[in-house]
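Enquirer: Coordinates in model_18.txt, compact mmCIF, C-alpha atoms, are listed below.
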# COMPACT_ATOMS: atom_id res chain seq x y z
CA LYS A 287 17.50 7.60 -7.46
CA MET A 288 13.79 7.28 -8.04
CA GLU A 289 13.33 4.23 -5.78
CA PHE A 290 14.67 6.13 -2.78
CA LEU A 291 12.54 9.18 -3.57
CA ILE A 292 9.55 6.82 -3.58
CA THR A 293 10.60 5.44 -0.19
CA PHE A 294 10.93 8.98 1.22
CA LEU A 295 7.51 9.99 -0.13
CA SER A 296 5.95 6.80 1.23
CA GLY A 297 7.56 7.53 4.59
CA ALA A 298 6.08 11.03 4.55
CA SER A 299 2.61 9.59 3.95
CA TYR A 300 3.21 7.21 6.86
CA GLY A 301 4.17 10.11 9.12
CA MET A 302 1.18 12.29 8.24
CA THR A 303 -1.23 9.40 8.77
CA THR A 304 0.33 8.62 12.15
CA VAL A 305 -0.21 12.19 13.38
CA ILE A 306 -3.80 12.47 12.12
CA ILE A 307 -4.88 9.18 13.70
CA GLY A 308 -2.57 8.90 16.69
CA GLN A 309 -2.02 12.43 18.04
CA PRO A 310 -4.86 12.44 20.63
CA LEU A 311 -3.60 9.28 22.33
CA ASP A 312 -0.01 10.51 22.01
CA THR A 313 -0.98 13.65 23.92
CA ILE A 314 -2.49 11.54 26.71
CA LYS A 315 0.58 9.31 26.82
CA THR A 316 2.95 12.26 26.87
CA ARG A 317 1.08 14.03 29.67
CA MET A 318 1.14 10.85 31.74
CA GLN A 319 4.90 10.61 31.28
CA GLY A 320 5.92 14.25 31.30
CA LEU A 321 3.92 15.94 34.05
CA SER A 322 5.92 16.43 37.24
CA SER A 323 4.89 14.97 40.59
CA SER A 324 3.41 18.34 41.49
CA ALA A 325 1.06 18.00 38.52
CA SER A 326 -0.63 14.82 39.74
CA THR A 327 1.14 12.03 37.88
CA LYS A 328 -1.24 9.57 39.52
CA LEU A 329 -4.03 10.62 37.16
CA SER A 330 -5.18 7.79 34.90
CA ALA A 331 -5.39 8.03 31.13
CA SER A 332 -9.18 8.44 31.28
CA GLN A 333 -8.92 11.21 33.89
CA ILE A 334 -6.34 13.11 31.84
CA THR A 335 -8.49 12.71 28.71
CA ARG A 336 -11.59 13.96 30.50
CA GLU A 337 -9.76 16.91 32.05
CA LEU A 338 -8.15 17.98 28.78
CA TYR A 339 -11.29 17.52 26.68
CA THR A 340 -13.44 19.45 29.20
CA LYS A 341 -11.06 22.42 29.11
CA GLU A 342 -10.10 22.51 25.45
CA GLY A 343 -12.23 20.06 23.46
CA VAL A 344 -10.81 18.03 20.59
CA ARG A 345 -8.27 20.76 19.88
CA GLY A 346 -6.60 20.05 23.20
CA LEU A 347 -6.04 16.42 22.24
CA TYR A 348 -4.15 17.58 19.15
CA ARG A 349 -1.76 19.79 21.10
CA GLY A 350 1.70 19.84 19.54
CA GLY A 351 0.33 18.34 16.35
CA LEU A 352 1.67 21.00 13.97
CA PRO A 353 5.42 20.48 14.56
CA LEU A 354 4.85 16.73 14.46
CA LEU A 355 2.77 16.93 11.27
CA ILE A 356 5.69 18.66 9.58
CA GLY A 357 8.54 16.94 11.40
CA GLY A 358 6.80 13.57 11.56
CA SER A 359 6.55 13.39 7.79
CA VAL A 360 10.26 14.14 7.37
CA MET A 361 11.11 11.91 10.35
CA ARG A 362 9.44 8.82 8.87
CA SER A 363 10.89 9.63 5.48
CA ALA A 364 14.33 9.71 7.10
CA GLN A 365 13.95 6.44 8.97
CA PHE A 366 12.71 4.47 5.95
CA GLY A 367 14.90 6.22 3.39
CA VAL A 368 18.13 6.08 5.41
CA SER A 369 17.62 2.43 6.36
CA ALA A 370 17.01 1.50 2.71
CA LYS A 371 20.11 3.42 1.61
CA ALA A 372 22.18 1.81 4.35
CA ARG A 373 21.02 -1.64 3.28
CA GLU A 374 21.97 -0.85 -0.34
CA LEU A 375 25.44 0.35 0.69
CA LEU A 376 26.00 -2.79 2.76
CA GLU A 377 25.15 -4.87 -0.29
CA THR A 378 27.17 -2.68 -2.69
CA TYR A 379 30.31 -2.96 -0.57
CA GLN A 380 29.60 -6.63 0.06
CA VAL A 381 29.63 -6.32 3.83
CA PRO A 382 29.32 -9.88 5.19
CA SER A 383 25.92 -10.71 6.66
CA TYR A 384 25.72 -12.99 9.68
CA ARG A 385 22.76 -14.81 11.14
CA LEU A 386 22.79 -14.12 14.86
CA PHE A 387 21.23 -17.00 16.79
CA ASN A 388 20.63 -18.47 13.34
CA THR A 389 17.73 -16.00 12.96
CA LEU A 390 18.69 -12.31 13.05
CA ASP A 391 20.36 -10.81 9.96
CA SER A 392 23.25 -8.57 11.06
CA ASN A 393 22.84 -6.25 8.06
CA VAL A 394 19.15 -5.78 8.86
CA ILE A 395 20.18 -4.68 12.36
CA LEU A 396 22.82 -2.27 11.02
CA ALA A 397 20.39 -0.74 8.51
CA GLY A 398 17.77 -0.38 11.26
CA ILE A 399 20.26 1.42 13.49
CA ALA A 400 21.09 3.80 10.63
CA GLY A 401 17.39 4.49 10.09
CA GLY A 402 16.89 5.17 13.80
CA LEU A 403 19.74 7.67 13.85
CA GLY A 404 18.36 9.36 10.74
CA ARG A 405 14.99 9.67 12.43
CA ALA A 406 16.59 11.10 15.59
CA MET A 407 18.20 13.98 13.70
CA VAL A 408 14.73 15.22 12.75
CA GLU A 409 12.86 14.17 15.87
CA ILE A 410 15.07 15.88 18.47
CA PRO A 411 13.89 19.45 17.66
CA THR A 412 10.34 18.62 16.50
CA ASP A 413 9.55 16.37 19.46
CA PHE A 414 10.92 18.99 21.85
CA LEU A 415 8.35 21.49 20.53
CA LYS A 416 5.58 18.87 20.50
CA ILE A 417 6.19 17.66 24.04
CA ARG A 418 6.56 21.15 25.52
CA LYS A 419 3.18 22.07 24.01
CA GLN A 420 1.52 18.84 25.15
CA VAL A 421 2.53 19.14 28.82
CA GLN A 422 1.73 22.84 29.26
CA GLN A 423 -0.99 23.47 31.82
CA ASP A 424 -2.11 26.55 29.89
CA ALA A 425 -2.83 25.80 26.23
CA LYS A 426 -2.20 29.46 25.35
CA GLY A 427 1.26 29.41 26.88
CA ARG A 428 4.00 30.30 24.42
CA ILE A 429 7.30 28.55 23.90
CA THR A 430 9.65 31.52 23.67
CA PHE A 431 12.74 31.73 21.49
CA ASP A 432 14.90 31.86 24.63
CA ILE A 433 13.44 28.53 25.81
CA ILE A 434 14.04 26.98 22.40
CA LYS A 435 17.59 28.33 22.23
CA LYS A 436 18.44 27.09 25.71
CA ASN A 437 16.64 23.73 25.80
CA LEU A 438 16.19 22.52 22.21
CA LEU A 439 18.74 19.73 22.62
CA ASP A 440 17.44 18.51 25.98
CA GLY A 441 17.21 14.75 25.92
CA SER A 442 19.02 14.46 22.60
CA LEU A 443 21.23 11.55 23.65
CA VAL A 444 18.27 9.66 25.12
CA THR A 445 16.31 10.36 21.93
CA MET A 446 19.10 8.98 19.78
CA GLY A 447 19.36 5.89 21.96
CA ARG A 448 15.61 5.32 22.00
CA ASN A 449 15.24 5.76 18.24
CA THR A 450 18.16 3.46 17.51
CA VAL A 451 16.54 0.70 19.57
CA LEU A 452 13.00 1.53 18.41
CA PHE A 453 13.53 1.48 14.65
CA SER A 454 16.10 -1.31 14.56
CA SER A 455 13.72 -3.41 16.67
CA PHE A 456 10.85 -2.53 14.32
CA ILE A 457 12.86 -3.68 11.30
CA ILE A 458 14.01 -6.83 13.12
CA TYR A 459 10.45 -7.76 14.09
CA ILE A 460 9.32 -7.26 10.49
CA ASP A 461 12.13 -9.53 9.31
CA LEU A 462 11.23 -12.15 11.91
CA SER A 463 7.54 -11.92 10.99
CA LYS A 464 8.41 -12.69 7.36
CA GLN A 465 10.25 -15.81 8.47
CA ALA A 466 7.38 -16.83 10.75
CA CYS A 467 4.74 -16.32 8.05
CA SER A 468 6.76 -18.25 5.49
CA ALA A 469 7.15 -21.11 7.96
CA GLY A 470 3.39 -21.23 8.56
CA LEU A 471 3.70 -20.17 12.20
CA VAL A 472 1.32 -17.19 11.89
CA PRO A 473 -2.48 -17.46 11.45
CA LYS A 474 -3.47 -16.97 7.81
CA PHE A 475 -5.76 -14.02 8.55
CA LEU A 476 -2.75 -12.00 9.73
CA CYS A 477 -0.63 -12.76 6.66
CA ASN A 478 -0.64 -11.26 3.18
CA GLU A 479 -1.96 -13.19 0.18
CA ASP A 480 1.17 -15.25 -0.50
CA SER A 481 2.04 -15.71 3.21
CA SER A 482 5.43 -14.05 2.66
CA GLY A 483 4.80 -11.65 5.54
CA LEU A 484 2.15 -9.97 7.65
CA SER A 485 -0.65 -7.95 6.07
CA PRO A 486 0.06 -4.19 6.10
CA PHE A 487 -2.15 -3.35 9.10
CA ALA A 488 -0.94 -6.34 11.14
CA LYS A 489 2.67 -5.56 10.25
CA GLY A 490 2.40 -1.94 11.34
CA ALA A 491 0.45 -2.67 14.52
CA ILE A 492 2.18 -5.81 15.79
CA CYS A 493 5.79 -4.99 14.89
CA ALA A 494 5.51 -1.39 16.11
CA ASN A 495 4.00 -2.48 19.43
CA LEU A 496 6.77 -5.02 19.98
CA ALA A 497 9.34 -2.33 19.16
CA TRP A 498 7.77 0.12 21.62
CA LEU A 499 7.72 -2.53 24.35
CA THR A 500 11.43 -3.08 23.71
CA CYS A 501 12.33 0.54 24.46
CA TRP A 502 9.42 1.97 26.51
CA PRO A 503 11.47 2.99 29.60
CA MET A 504 13.73 5.03 27.30
CA ASP A 505 10.65 6.78 25.89
CA VAL A 506 9.61 7.76 29.43
CA LEU A 507 13.06 9.23 30.08
CA LYS A 508 13.04 11.05 26.73
CA THR A 509 9.66 12.65 27.44
CA GLN A 510 10.75 13.75 30.91
CA ARG A 511 13.99 15.18 29.58
CA GLN A 512 12.20 17.26 26.94
CA SER A 513 9.19 18.29 29.04
CA GLY A 514 11.01 20.87 31.15
CA ASN A 515 9.28 19.52 34.27
CA PHE A 516 12.26 17.55 35.56
CA ASN A 517 15.71 18.62 36.69
CA THR A 518 17.91 18.54 33.59
CA GLU A 519 21.02 18.30 35.76
CA THR A 520 19.94 14.86 36.94
CA SER A 521 21.71 12.18 34.93
CA ALA A 522 19.72 9.77 32.76
CA LEU A 523 20.82 6.93 35.04
CA GLU A 524 19.55 8.72 38.15
CA LEU A 525 16.29 9.55 36.39
CA PHE A 526 15.96 5.90 35.41
CA LYS A 527 16.51 4.79 39.02
CA GLU A 528 13.97 7.32 40.28
CA ASN A 529 11.34 6.15 37.80
CA MET A 530 12.02 2.53 38.66
CA LYS A 531 11.69 3.30 42.37
CA GLN A 532 8.34 5.03 41.78
CA GLY A 533 7.08 2.38 39.34
CA LYS A 534 6.91 4.82 36.39
CA LEU A 535 9.14 3.11 33.83
CA PHE A 536 6.08 1.98 31.88
CA ARG A 537 3.96 5.06 32.55
CA GLY A 538 1.53 5.77 29.70
CA LEU A 539 1.99 2.30 28.19
CA MET A 540 -1.70 1.53 27.61
CA PRO A 541 -2.65 4.67 25.62
CA GLY A 542 0.72 4.39 23.90
CA LEU A 543 0.09 0.86 22.65
CA VAL A 544 -3.50 1.62 21.62
CA ARG A 545 -2.20 4.62 19.69
CA SER A 546 0.56 2.54 18.15
CA SER A 547 -1.86 -0.17 17.02
CA LEU A 548 -4.27 2.24 15.35
CA ALA A 549 -1.77 4.76 14.01
CA ASN A 550 1.00 2.44 12.84
CA GLY A 551 -1.40 -0.15 11.47
CA SER A 552 -3.25 2.46 9.41
CA SER A 553 -0.03 4.22 8.43
CA MET A 554 1.49 1.00 7.14
CA VAL A 555 -1.57 0.45 4.94
CA VAL A 556 -1.08 3.95 3.49
CA TYR A 557 2.70 3.44 3.15
CA GLU A 558 2.27 0.18 1.24
CA ALA A 559 -0.36 1.69 -1.07
CA VAL A 560 1.71 4.79 -1.86
CA HIS A 561 4.90 2.79 -2.36
CA LYS A 562 3.21 0.21 -4.61
CA ASN A 563 1.41 2.79 -6.76
CA LEU A 564 4.45 5.03 -7.20
CA SER A 565 6.71 2.06 -7.93
CA ASN A 566 4.30 0.80 -10.58
CA PHE A 567 3.87 4.27 -12.07
CA PHE A 568 7.62 4.89 -12.45
CA GLY A 569 8.44 1.26 -13.20
CA VAL A 570 11.07 0.78 -10.48
CA SER A 571 11.82 -2.18 -8.21
CA ARG A 572 11.26 -1.96 -4.49
CA LYS A 573 14.34 -1.56 -2.25
CA ASP A 574 12.94 -0.50 1.13
CA MET A 575 13.14 -2.85 4.11
CA LEU A 576 9.46 -3.48 4.70
Go ahead and render the structure in this file as structure tokens.
Expert:
Amino acid sequence: KMEFLITFLSGASYGMTTVIIGQPLDTIKTRMQGLSSSASTKLSASQITRELYTKEGVRGLYRGGLPLLIGGSVMRSAQFGVSAKARELLETYQVPSYRLFNTLDSNVILAGIAGGLGRAMVEIPTDFLKIRKQVQQDAKGRITFDIIKKNLLDGSLVTMGRNTVLFSSFIIYIDLSKQACSAGLVPKFLCNEDSSGLSPFAKGAICANLAWLTCWPMDVLKTQRQSGNFNTETSALELFKENMKQGKLFRGLMPGLVRSSLANGSSMVVYEAVHKNLSNFFGVSRKDML
């Protein structure tokens, strides 16, 4: 149906915008998380930025950008499109909706989980390529076919778990923000014109940051699993314990949240504009979850 094609295209525009604006800070965040102890994990974000920029210039900050530019567009299309389709199916089959704690809509949670799983199917291979390129010490190093064949699915379960929590949390926070805006609990300058929800930039920045905070330790584990710098035979639980012991569960949080604010805020503005214009052009009603 046309409305879901519009949602997929809007998601693609979201993904491309995220990469263009957020890739440099994502590279810094990923290197902070994914470099092994032998590669000086005590380096700060500013030190890593300076080191990478001195060696490779701006190009170094966009390491791994190509697979993410392609995969990121499809990935965001999948998360928004699948969640919208899941919500429609829940309504079509009249699945009962419950208000958890008198606030959270159970069907919103289920649709968010579906969107997160849809995103994971695309992100597992593309993020593997992105992360391997970002953490390489030598920018000219090649990721061989043998490495891809052997390690492509590294961290896949952690990625699925992280994405399920990440996107469902994102959708939940958007739903909660709508309730808060309607109740007059949010400052007017952060709301849209009719106070039915947050403005596009505020929605993308605030809700995405809250979602990332909800699952950040899982993102650290995912990066380490896919980086190739950590023992893949170590269980996720043991890796979690080791990171907790070394105080690394929130490694890379600051550049990650700055990136999220700028990239997701800007991407949501683009998403809303594309979705609105295409919907008006084709004369269809909006059925996404944002």
Enquirer: Could you pull the residues within 9 Å of A:Ser513, counting only C-alpha atoms, minus those fewer than 4 positions along the same chain, as a ChimeraX atom specification?
Expert: /A:316,320-321,414,417-422,440,508-509
Enquirer: Pick the closest to A:Ile399 from A:Tyr348, A:Phe567, A:Phe456, A:Phe290: which is it, counting only C-alpha atoms?
Expert: A:Phe456
Enquirer: Find the distance between atom CA of A:Ile457 and atom CA of A:Arg511 and write it in Å to one decimal.
Expert: 26.3 Å
Enquirer: Using atom CA of A:Gly346 and atom CA of A:Thr313 as the two end points, give the distance in Å to one decimal.
Expert: 8.5 Å
Enquirer: Where does stretch 313-395 of chain A meet stretch 526-536 of chain A within 12 Å, residue by residue, with the nearest atom pair and distance in Å to one decimal for each, counting only C-alpha atoms, listed by chain and rising number, as CSV?
Expert:
residue,atom,partner,partner_atom,distance
A:Lys315,CA,A:Phe536,CA,10.5
A:Thr316,CA,A:Phe536,CA,11.9
A:Met318,CA,A:Lys534,CA,9.6
A:Gln319,CA,A:Lys534,CA,8.0
A:Gly320,CA,A:Lys534,CA,10.8
A:Leu321,CA,A:Lys534,CA,11.8
A:Ser322,CA,A:Asn529,CA,11.6
A:Ser323,CA,A:Gln532,CA,10.6
A:Thr327,CA,A:Lys534,CA,9.4
A:Lys328,CA,A:Lys534,CA,9.9
Enquirer: Return the single residue from A:Leu471, A:Leu396, A:Val544, A:Ile356 that is closest to A:Pro411, with distances computed using all atoms listed in the file.
Expert: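 For A:Pro411, the nearest of the given residues is A:Ile356.
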Enquirer: Could you pull the residues within 12 Å of A:Leu295, counting only C-alpha atoms, minus those fewer than 5 positions along the same chain, as a PyMOL selection string?
Expert: chain A and resi 288-290+300-302+359-367+556-565+574
Enquirer: Have a look at A:Val570, A:Leu576, A:Leu375, A:Leu507 and name the one nearest to A:Ile292; count all atoms listed in the file.
Expert: A:Val570
Enquirer: Please measure the separation of atom CA of A:Ser485 and atom CA of A:Met554, giving the value in Å to one decimal.
Expert: 9.3 Å
Enquirer: Tell me which of A:Asn517, A:Glu377, A:Thr293, A:Cys493 sits closest to A:Ser455, counting only C-alpha atoms.
Expert: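 Looking at the shortest contact to A:Ser455, the residue is A:Cys493.
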Enquirer: Compare A:Arg448, A:Gln380, A:Phe475, A:Phe294 by their minimum atom-to-atom distance to A:Phe487, counting only C-alpha atoms, and give me the closest one.
Expert: A:Phe475
Enquirer: Determine, counting only C-alpha atoms, which protein, DNA and RNA residues have an atom within 12 Å of an atom of A:Met540; residues of the same chain fewer than 5 positions away are not included. Present the result as a list in words.
Expert: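 Near neighbours after the sequence-gap exclusion: Leu311, Asp312, Ile314, Lys315, Thr316, Met318, Gln319, Ser330, Ala331, Ser332, Asn495, Trp498, Leu499, Trp502, Arg545, Ser546 and Ser547 of chain A.
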Enquirer: Out of A:Leu443, A:Ala400, A:Ala488, A:Leu462, which residue has the shortest atom-to-atom distance to A:Arg385 when counting all atoms listed in the file?
Expert: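 Answer, going by the shortest atom-to-atom distance: A:Leu462.
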Enquirer: Just give me the residues with any atom within 8 Å of (11.1, 2.0, 17.5), file coordinates, counting all atoms listed in the file, written as a VMD selection string.
Expert: chain A and resid 402 448 to 456 494 497 to 498 501
